[in-house]
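> As input, take upload.cif (mmCIF, N, CA and C atoms):
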```
data_structure
#
loop_
_atom_site.label_atom_id
_atom_site.label_comp_id
_atom_site.auth_asym_id
_atom_site.auth_seq_id
_atom_site.Cartn_x
_atom_site.Cartn_y
_atom_site.Cartn_z
N MET A 163 -16.50 -5.01 6.84
CA MET A 163 -15.42 -5.90 6.46
C MET A 163 -14.18 -5.07 6.19
N GLN A 164 -13.03 -5.63 6.51
CA GLN A 164 -11.79 -4.92 6.27
C GLN A 164 -11.21 -5.31 4.90
N TYR A 165 -10.58 -4.32 4.28
CA TYR A 165 -9.92 -4.49 2.99
C TYR A 165 -8.54 -3.86 3.08
N LEU A 166 -7.58 -4.51 2.45
CA LEU A 166 -6.24 -3.95 2.36
C LEU A 166 -6.07 -3.36 0.97
N LEU A 167 -5.75 -2.07 0.93
CA LEU A 167 -5.46 -1.39 -0.33
C LEU A 167 -3.94 -1.32 -0.43
N MET A 168 -3.37 -2.08 -1.36
CA MET A 168 -1.92 -2.11 -1.54
C MET A 168 -1.55 -1.19 -2.69
N LEU A 169 -0.67 -0.25 -2.42
CA LEU A 169 -0.31 0.78 -3.38
C LEU A 169 0.99 0.42 -4.09
N TYR A 170 0.88 0.16 -5.38
CA TYR A 170 2.04 -0.18 -6.21
C TYR A 170 2.34 0.97 -7.16
N SER A 171 3.61 1.31 -7.28
CA SER A 171 4.03 2.32 -8.25
C SER A 171 5.53 2.18 -8.47
N ASP A 172 6.03 2.89 -9.45
CA ASP A 172 7.46 2.92 -9.71
C ASP A 172 8.07 3.87 -8.69
N GLU A 173 8.77 3.32 -7.70
CA GLU A 173 9.28 4.15 -6.61
C GLU A 173 10.30 5.19 -7.07
N SER A 174 10.89 5.02 -8.22
CA SER A 174 11.87 6.01 -8.71
C SER A 174 11.16 7.29 -9.16
N GLY A 175 9.86 7.23 -9.34
CA GLY A 175 9.10 8.40 -9.77
C GLY A 175 9.15 9.54 -8.76
N TRP A 176 9.22 9.21 -7.47
CA TRP A 176 9.24 10.24 -6.42
C TRP A 176 10.47 11.13 -6.55
N GLU A 177 11.63 10.53 -6.79
CA GLU A 177 12.86 11.32 -6.91
C GLU A 177 12.86 12.19 -8.16
N LYS A 178 12.09 11.81 -9.15
CA LYS A 178 12.04 12.57 -10.40
C LYS A 178 11.13 13.78 -10.30
N MET A 179 10.33 13.84 -9.23
CA MET A 179 9.40 14.95 -9.05
C MET A 179 10.12 16.16 -8.46
N SER A 180 9.62 17.35 -8.81
CA SER A 180 10.15 18.57 -8.20
C SER A 180 9.69 18.62 -6.75
N LYS A 181 10.32 19.48 -5.97
CA LYS A 181 9.95 19.65 -4.56
C LYS A 181 8.47 20.05 -4.45
N ALA A 182 8.02 20.93 -5.33
CA ALA A 182 6.62 21.38 -5.31
C ALA A 182 5.68 20.22 -5.64
N GLU A 183 6.05 19.37 -6.58
CA GLU A 183 5.23 18.20 -6.93
C GLU A 183 5.18 17.20 -5.77
N GLN A 184 6.32 17.03 -5.09
CA GLN A 184 6.35 16.14 -3.93
C GLN A 184 5.44 16.66 -2.82
N GLU A 185 5.48 17.96 -2.58
CA GLU A 185 4.62 18.57 -1.55
C GLU A 185 3.15 18.41 -1.91
N GLN A 186 2.83 18.60 -3.19
CA GLN A 186 1.46 18.43 -3.66
C GLN A 186 1.01 16.97 -3.47
N GLY A 187 1.89 16.03 -3.79
CA GLY A 187 1.58 14.62 -3.61
C GLY A 187 1.37 14.27 -2.15
N TYR A 188 2.23 14.79 -1.28
CA TYR A 188 2.10 14.56 0.16
C TYR A 188 0.76 15.08 0.67
N LYS A 189 0.40 16.29 0.26
CA LYS A 189 -0.87 16.89 0.67
C LYS A 189 -2.05 16.07 0.18
N ALA A 190 -1.95 15.52 -1.03
CA ALA A 190 -3.05 14.71 -1.58
C ALA A 190 -3.25 13.45 -0.74
N TYR A 191 -2.16 12.81 -0.33
CA TYR A 191 -2.27 11.62 0.52
C TYR A 191 -2.81 11.97 1.91
N MET A 192 -2.40 13.11 2.46
CA MET A 192 -2.90 13.52 3.77
C MET A 192 -4.41 13.81 3.70
N ALA A 193 -4.85 14.44 2.61
CA ALA A 193 -6.28 14.72 2.44
C ALA A 193 -7.07 13.42 2.28
N TYR A 194 -6.52 12.48 1.54
CA TYR A 194 -7.16 11.18 1.36
C TYR A 194 -7.29 10.46 2.70
N THR A 195 -6.21 10.45 3.47
CA THR A 195 -6.23 9.81 4.79
C THR A 195 -7.26 10.48 5.69
N GLU A 196 -7.33 11.79 5.66
CA GLU A 196 -8.31 12.51 6.48
C GLU A 196 -9.74 12.17 6.06
N ALA A 197 -9.97 12.03 4.75
CA ALA A 197 -11.31 11.65 4.27
C ALA A 197 -11.69 10.26 4.76
N LEU A 198 -10.74 9.32 4.74
CA LEU A 198 -10.99 7.98 5.27
C LEU A 198 -11.34 8.04 6.76
N LYS A 199 -10.60 8.85 7.50
CA LYS A 199 -10.84 8.97 8.94
C LYS A 199 -12.21 9.58 9.22
N LYS A 200 -12.56 10.63 8.49
CA LYS A 200 -13.87 11.28 8.70
C LYS A 200 -15.02 10.33 8.40
N ALA A 201 -14.80 9.40 7.47
CA ALA A 201 -15.84 8.43 7.11
C ALA A 201 -15.79 7.19 8.00
N SER A 202 -14.92 7.20 9.01
CA SER A 202 -14.70 6.05 9.90
C SER A 202 -14.32 4.79 9.12
N ALA A 203 -13.61 4.97 8.02
CA ALA A 203 -13.17 3.86 7.18
C ALA A 203 -11.70 3.52 7.42
N TRP A 204 -10.93 4.44 7.97
CA TRP A 204 -9.50 4.26 8.16
C TRP A 204 -9.25 3.35 9.35
N VAL A 205 -8.47 2.29 9.15
CA VAL A 205 -8.04 1.41 10.23
C VAL A 205 -6.55 1.62 10.48
N GLY A 206 -5.77 1.75 9.40
CA GLY A 206 -4.34 2.00 9.52
C GLY A 206 -3.71 2.19 8.15
N SER A 207 -2.52 2.73 8.15
CA SER A 207 -1.79 2.91 6.89
C SER A 207 -0.32 3.14 7.20
N ASN A 208 0.52 2.84 6.23
CA ASN A 208 1.95 3.09 6.35
C ASN A 208 2.57 3.15 4.97
N ARG A 209 3.63 3.91 4.89
CA ARG A 209 4.47 3.95 3.70
C ARG A 209 5.63 3.00 3.96
N LEU A 210 6.07 2.30 2.95
CA LEU A 210 7.16 1.35 3.11
C LEU A 210 8.49 1.96 2.68
N GLN A 211 9.58 1.47 3.25
CA GLN A 211 10.92 1.87 2.85
C GLN A 211 11.14 1.39 1.41
N PRO A 212 12.13 1.94 0.70
CA PRO A 212 12.39 1.53 -0.69
C PRO A 212 12.63 0.03 -0.83
N ILE A 213 12.35 -0.49 -2.00
CA ILE A 213 12.45 -1.92 -2.29
C ILE A 213 13.87 -2.46 -2.03
N ALA A 214 14.87 -1.61 -2.15
CA ALA A 214 16.25 -2.04 -1.91
C ALA A 214 16.46 -2.48 -0.46
N THR A 215 15.59 -2.08 0.45
CA THR A 215 15.72 -2.46 1.85
C THR A 215 15.00 -3.77 2.17
N ALA A 216 14.34 -4.36 1.19
CA ALA A 216 13.57 -5.59 1.40
C ALA A 216 14.47 -6.79 1.67
N THR A 217 13.97 -7.70 2.45
CA THR A 217 14.63 -8.99 2.69
C THR A 217 13.58 -10.06 2.45
N THR A 218 13.92 -11.07 1.69
CA THR A 218 12.99 -12.15 1.37
C THR A 218 13.41 -13.40 2.11
N VAL A 219 12.44 -14.03 2.77
CA VAL A 219 12.70 -15.24 3.55
C VAL A 219 11.80 -16.35 3.03
N LYS A 220 12.39 -17.53 2.81
CA LYS A 220 11.58 -18.69 2.44
C LYS A 220 12.28 -19.95 2.94
N ILE A 221 11.51 -21.02 2.99
CA ILE A 221 12.04 -22.31 3.41
C ILE A 221 12.02 -23.22 2.18
N ALA A 222 13.17 -23.77 1.84
CA ALA A 222 13.29 -24.71 0.72
C ALA A 222 14.02 -25.95 1.21
N ASN A 223 13.41 -27.10 1.00
CA ASN A 223 13.98 -28.36 1.47
C ASN A 223 14.30 -28.32 2.97
N GLY A 224 13.41 -27.68 3.72
CA GLY A 224 13.57 -27.60 5.16
C GLY A 224 14.62 -26.63 5.65
N LYS A 225 15.23 -25.87 4.74
CA LYS A 225 16.28 -24.92 5.12
C LYS A 225 15.83 -23.49 4.85
N GLN A 226 16.14 -22.62 5.79
CA GLN A 226 15.82 -21.20 5.65
C GLN A 226 16.73 -20.55 4.62
N GLN A 227 16.13 -19.78 3.72
CA GLN A 227 16.89 -19.00 2.77
C GLN A 227 16.53 -17.53 2.97
N VAL A 228 17.51 -16.70 3.13
CA VAL A 228 17.31 -15.27 3.31
C VAL A 228 18.03 -14.57 2.17
N LEU A 229 17.26 -13.77 1.42
CA LEU A 229 17.81 -13.07 0.26
C LEU A 229 17.64 -11.57 0.44
N ASP A 230 18.65 -10.81 0.09
CA ASP A 230 18.51 -9.36 0.08
C ASP A 230 17.67 -8.97 -1.12
N GLY A 231 16.77 -8.04 -0.90
CA GLY A 231 15.95 -7.53 -2.00
C GLY A 231 14.64 -8.25 -2.13
N PRO A 232 13.85 -7.81 -3.09
CA PRO A 232 12.50 -8.37 -3.27
C PRO A 232 12.56 -9.75 -3.93
N TYR A 233 11.50 -10.50 -3.74
CA TYR A 233 11.39 -11.82 -4.35
C TYR A 233 11.09 -11.70 -5.84
N VAL A 234 10.25 -10.74 -6.19
CA VAL A 234 9.82 -10.57 -7.58
C VAL A 234 10.34 -9.23 -8.08
N ASP A 235 10.93 -9.22 -9.24
CA ASP A 235 11.37 -7.98 -9.88
C ASP A 235 10.27 -7.52 -10.82
N SER A 236 9.79 -6.30 -10.62
CA SER A 236 8.71 -5.79 -11.47
C SER A 236 8.89 -4.30 -11.69
N LYS A 237 8.08 -3.75 -12.58
CA LYS A 237 8.15 -2.32 -12.87
C LYS A 237 7.58 -1.49 -11.73
N GLU A 238 6.62 -2.05 -11.01
CA GLU A 238 6.01 -1.36 -9.89
C GLU A 238 6.36 -2.08 -8.59
N GLN A 239 6.52 -1.30 -7.53
CA GLN A 239 6.87 -1.86 -6.23
C GLN A 239 5.77 -1.52 -5.23
N LEU A 240 5.60 -2.39 -4.23
CA LEU A 240 4.67 -2.11 -3.15
C LEU A 240 5.27 -1.00 -2.31
N GLY A 241 4.61 0.14 -2.29
CA GLY A 241 5.16 1.30 -1.60
C GLY A 241 4.46 1.65 -0.31
N GLY A 242 3.28 1.06 -0.10
CA GLY A 242 2.54 1.36 1.11
C GLY A 242 1.18 0.70 1.07
N TYR A 243 0.41 0.95 2.11
CA TYR A 243 -0.91 0.33 2.17
C TYR A 243 -1.85 1.15 3.04
N TYR A 244 -3.12 0.92 2.84
CA TYR A 244 -4.18 1.39 3.72
C TYR A 244 -5.01 0.18 4.11
N LEU A 245 -5.27 0.04 5.39
CA LEU A 245 -6.22 -0.96 5.87
C LEU A 245 -7.49 -0.20 6.17
N ILE A 246 -8.57 -0.57 5.47
CA ILE A 246 -9.81 0.19 5.62
C ILE A 246 -10.97 -0.72 6.02
N GLU A 247 -12.00 -0.10 6.52
CA GLU A 247 -13.26 -0.76 6.82
C GLU A 247 -14.25 -0.28 5.76
N ALA A 248 -14.88 -1.22 5.07
CA ALA A 248 -15.85 -0.86 4.02
C ALA A 248 -17.01 -1.83 4.07
N GLN A 249 -18.17 -1.34 3.66
CA GLN A 249 -19.38 -2.16 3.71
C GLN A 249 -19.27 -3.38 2.81
N ASP A 250 -18.66 -3.19 1.63
CA ASP A 250 -18.53 -4.28 0.67
C ASP A 250 -17.42 -3.96 -0.32
N LEU A 251 -17.19 -4.88 -1.26
CA LEU A 251 -16.11 -4.69 -2.24
C LEU A 251 -16.32 -3.43 -3.07
N ASP A 252 -17.56 -3.14 -3.45
CA ASP A 252 -17.81 -1.93 -4.25
C ASP A 252 -17.38 -0.67 -3.50
N ALA A 253 -17.65 -0.63 -2.20
CA ALA A 253 -17.24 0.54 -1.40
C ALA A 253 -15.73 0.60 -1.29
N ALA A 254 -15.07 -0.55 -1.13
CA ALA A 254 -13.61 -0.58 -1.06
C ALA A 254 -12.99 -0.12 -2.38
N ILE A 255 -13.58 -0.55 -3.48
CA ILE A 255 -13.10 -0.13 -4.80
C ILE A 255 -13.26 1.38 -4.98
N ALA A 256 -14.36 1.91 -4.49
CA ALA A 256 -14.59 3.36 -4.58
C ALA A 256 -13.51 4.11 -3.80
N TRP A 257 -13.15 3.63 -2.61
CA TRP A 257 -12.06 4.26 -1.85
C TRP A 257 -10.74 4.12 -2.59
N ALA A 258 -10.48 2.97 -3.18
CA ALA A 258 -9.23 2.76 -3.92
C ALA A 258 -9.13 3.73 -5.09
N ALA A 259 -10.23 3.97 -5.76
CA ALA A 259 -10.24 4.88 -6.91
C ALA A 259 -9.95 6.32 -6.48
N ARG A 260 -10.27 6.67 -5.25
CA ARG A 260 -10.02 8.02 -4.74
C ARG A 260 -8.58 8.19 -4.26
N CYS A 261 -7.85 7.10 -4.09
CA CYS A 261 -6.48 7.16 -3.59
C CYS A 261 -5.58 7.87 -4.61
N PRO A 262 -4.75 8.82 -4.17
CA PRO A 262 -3.85 9.50 -5.11
C PRO A 262 -2.98 8.53 -5.91
N GLY A 263 -2.62 7.40 -5.32
CA GLY A 263 -1.77 6.43 -6.01
C GLY A 263 -2.40 5.81 -7.23
N ALA A 264 -3.72 5.84 -7.32
CA ALA A 264 -4.41 5.26 -8.47
C ALA A 264 -4.10 6.04 -9.76
N SER A 265 -3.69 7.30 -9.62
CA SER A 265 -3.41 8.12 -10.81
C SER A 265 -2.01 7.90 -11.36
N HIS A 266 -1.11 7.27 -10.59
CA HIS A 266 0.25 7.05 -11.09
C HIS A 266 0.76 5.63 -10.82
N GLY A 267 -0.13 4.77 -10.38
CA GLY A 267 0.26 3.39 -10.09
C GLY A 267 -0.96 2.49 -10.09
N THR A 268 -0.90 1.45 -9.30
CA THR A 268 -1.97 0.47 -9.22
C THR A 268 -2.35 0.26 -7.76
N ILE A 269 -3.63 0.16 -7.49
CA ILE A 269 -4.11 -0.13 -6.15
C ILE A 269 -4.75 -1.52 -6.19
N GLU A 270 -4.17 -2.45 -5.45
CA GLU A 270 -4.74 -3.79 -5.35
C GLU A 270 -5.64 -3.81 -4.11
N VAL A 271 -6.87 -4.26 -4.29
CA VAL A 271 -7.85 -4.32 -3.21
C VAL A 271 -8.04 -5.78 -2.83
N ARG A 272 -7.78 -6.10 -1.55
CA ARG A 272 -7.93 -7.49 -1.09
C ARG A 272 -8.72 -7.51 0.20
N PRO A 273 -9.75 -8.35 0.26
CA PRO A 273 -10.46 -8.50 1.53
C PRO A 273 -9.55 -9.19 2.54
N VAL A 274 -9.67 -8.76 3.78
CA VAL A 274 -8.89 -9.36 4.86
C VAL A 274 -9.66 -10.59 5.36
N TRP A 275 -8.95 -11.67 5.52
CA TRP A 275 -9.53 -12.91 6.01
C TRP A 275 -9.45 -12.83 7.54
N ALA A 276 -10.56 -12.51 8.15
CA ALA A 276 -10.58 -12.31 9.61
C ALA A 276 -10.30 -13.64 10.31
N MET A 277 -9.37 -13.60 11.22
CA MET A 277 -9.01 -14.79 11.99
C MET A 277 -9.68 -14.68 13.37
N PRO A 278 -10.17 -15.79 13.87
CA PRO A 278 -10.82 -15.73 15.19
C PRO A 278 -9.80 -15.39 16.27
N ALA A 279 -10.26 -14.68 17.28
CA ALA A 279 -9.38 -14.31 18.40
C ALA A 279 -8.97 -15.59 19.15
N GLN A 280 -7.74 -15.64 19.56
CA GLN A 280 -7.21 -16.81 20.28
C GLN A 280 -7.50 -16.70 21.75
#
```
Would it be possible to restate this file's structure as structure tokens?


Amino acid sequence: MQYLLMLYSDESGWEKMSKAEQEQGYKAYMAYTEALKKASAWVGSNRLQPIATATTVKIANGKQQVLDGPYVDSKEQLGGYYLIEAQDLDAAIAWAARCPGASHGTIEVRPVWAMPAQ
């Protein structure tokens, strides 16, 4: 079953880190990604642009509304994700706990609702 690991953290924390800390963080994520790949659990992953680049779209009273920025203002922002293959929720949680982001943010684990092929 596929699970989406959504990585939330305070995106301003990255700029506050020293160059050496940023390099260490980058290496930790690369090692984590490699571990997922070696276990055949990695399906995909991406880092997202800063929250200031977000655009929110919704329909209200039949009319499209487009807003600059995020829909919800919070202390933590969605900064990236991993799409993984795991045997069950316990295995997905175990992978989430190993993610470097779990030590400085929150990892939300959500099962993917598989849609039938068209």

> Excluding Asp230 in chain A and any residue of its chain fewer than 3 positions from it, enumerate the residues within 6.5 Å of it, using all atoms listed in the file, and give them as a PyMOL selection string.

chain A and resi 216-218

> Give me the residues within 6.5 Å of range 170-179 of chain A as a count of residues only, counting all atoms listed in the file and dropping any in the same chain fewer than 5 places off.

12

> For range 206-214 of chain A, list every protein, DNA or RNA residue within 6 Å, evaluated using all atoms listed in the file, and leave out those in the same chain fewer than 5 positions away; present the list as number ranges by chain.

A: 231-232, 241-246

> Between A:Leu229, A:Ile221, A:Ser265, A:Val205, which residue has the minimum interatomic distance to Tyr165 in chain A, considering only C-alpha atoms?

A:Val205

> Excluding range 189-197 of chain A and residues on its chain fewer than 4 positions from it, collect all residues at most 7 Å away from it, counting only N, CA and C atoms, and give them as a PyMOL selection string.

chain A and resi 184-185+201-204+260-262

> I need the chosen residues saved as a PDB file, keeping the file's coordinate frame, with N, CA and C atoms.


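Result file follows (again.pdb):
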```pdb
ATOM      1  N   GLN A 184       6.320  17.030  -5.090  1.00  0.00           N
ATOM      2  CA  GLN A 184       6.350  16.140  -3.930  1.00  0.00           C
ATOM      3  C   GLN A 184       5.440  16.660  -2.820  1.00  0.00           C
ATOM      4  N   GLU A 185       5.480  17.960  -2.580  1.00  0.00           N
ATOM      5  CA  GLU A 185       4.620  18.570  -1.550  1.00  0.00           C
ATOM      6  C   GLU A 185       3.150  18.410  -1.910  1.00  0.00           C
ATOM      7  N   ALA A 201     -14.800   9.400   7.470  1.00  0.00           N
ATOM      8  CA  ALA A 201     -15.840   8.430   7.110  1.00  0.00           C
ATOM      9  C   ALA A 201     -15.790   7.190   8.000  1.00  0.00           C
ATOM     10  N   SER A 202     -14.920   7.200   9.010  1.00  0.00           N
ATOM     11  CA  SER A 202     -14.700   6.050   9.900  1.00  0.00           C
ATOM     12  C   SER A 202     -14.320   4.790   9.120  1.00  0.00           C
ATOM     13  N   ALA A 203     -13.610   4.970   8.020  1.00  0.00           N
ATOM     14  CA  ALA A 203     -13.170   3.860   7.180  1.00  0.00           C
ATOM     15  C   ALA A 203     -11.700   3.520   7.420  1.00  0.00           C
ATOM     16  N   TRP A 204     -10.930   4.440   7.970  1.00  0.00           N
ATOM     17  CA  TRP A 204      -9.500   4.260   8.160  1.00  0.00           C
ATOM     18  C   TRP A 204      -9.250   3.350   9.350  1.00  0.00           C
ATOM     19  N   ARG A 260     -10.270   6.670  -5.250  1.00  0.00           N
ATOM     20  CA  ARG A 260     -10.020   8.020  -4.740  1.00  0.00           C
ATOM     21  C   ARG A 260      -8.580   8.190  -4.260  1.00  0.00           C
ATOM     22  N   CYS A 261      -7.850   7.100  -4.090  1.00  0.00           N
ATOM     23  CA  CYS A 261      -6.480   7.160  -3.590  1.00  0.00           C
ATOM     24  C   CYS A 261      -5.580   7.870  -4.610  1.00  0.00           C
ATOM     25  N   PRO A 262      -4.750   8.820  -4.170  1.00  0.00           N
ATOM     26  CA  PRO A 262      -3.850   9.500  -5.110  1.00  0.00           C
ATOM     27  C   PRO A 262      -2.980   8.530  -5.910  1.00  0.00           C
TER      28      PRO A 262
END
```

> Taking into account only N, CA and C atoms, which residue in the set A:Ala264, A:Val274, A:Val228, A:Val219 is nearest to Leu169 in chain A?

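Distance minimum relative to Leu169 in chain A lands on A:Ala264.
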
> For a test of reading the model, state the distance in Å between CA of Gln280 in chain A and CA of Ala248 in chain A, rounded to one decimal.

24.4 Å
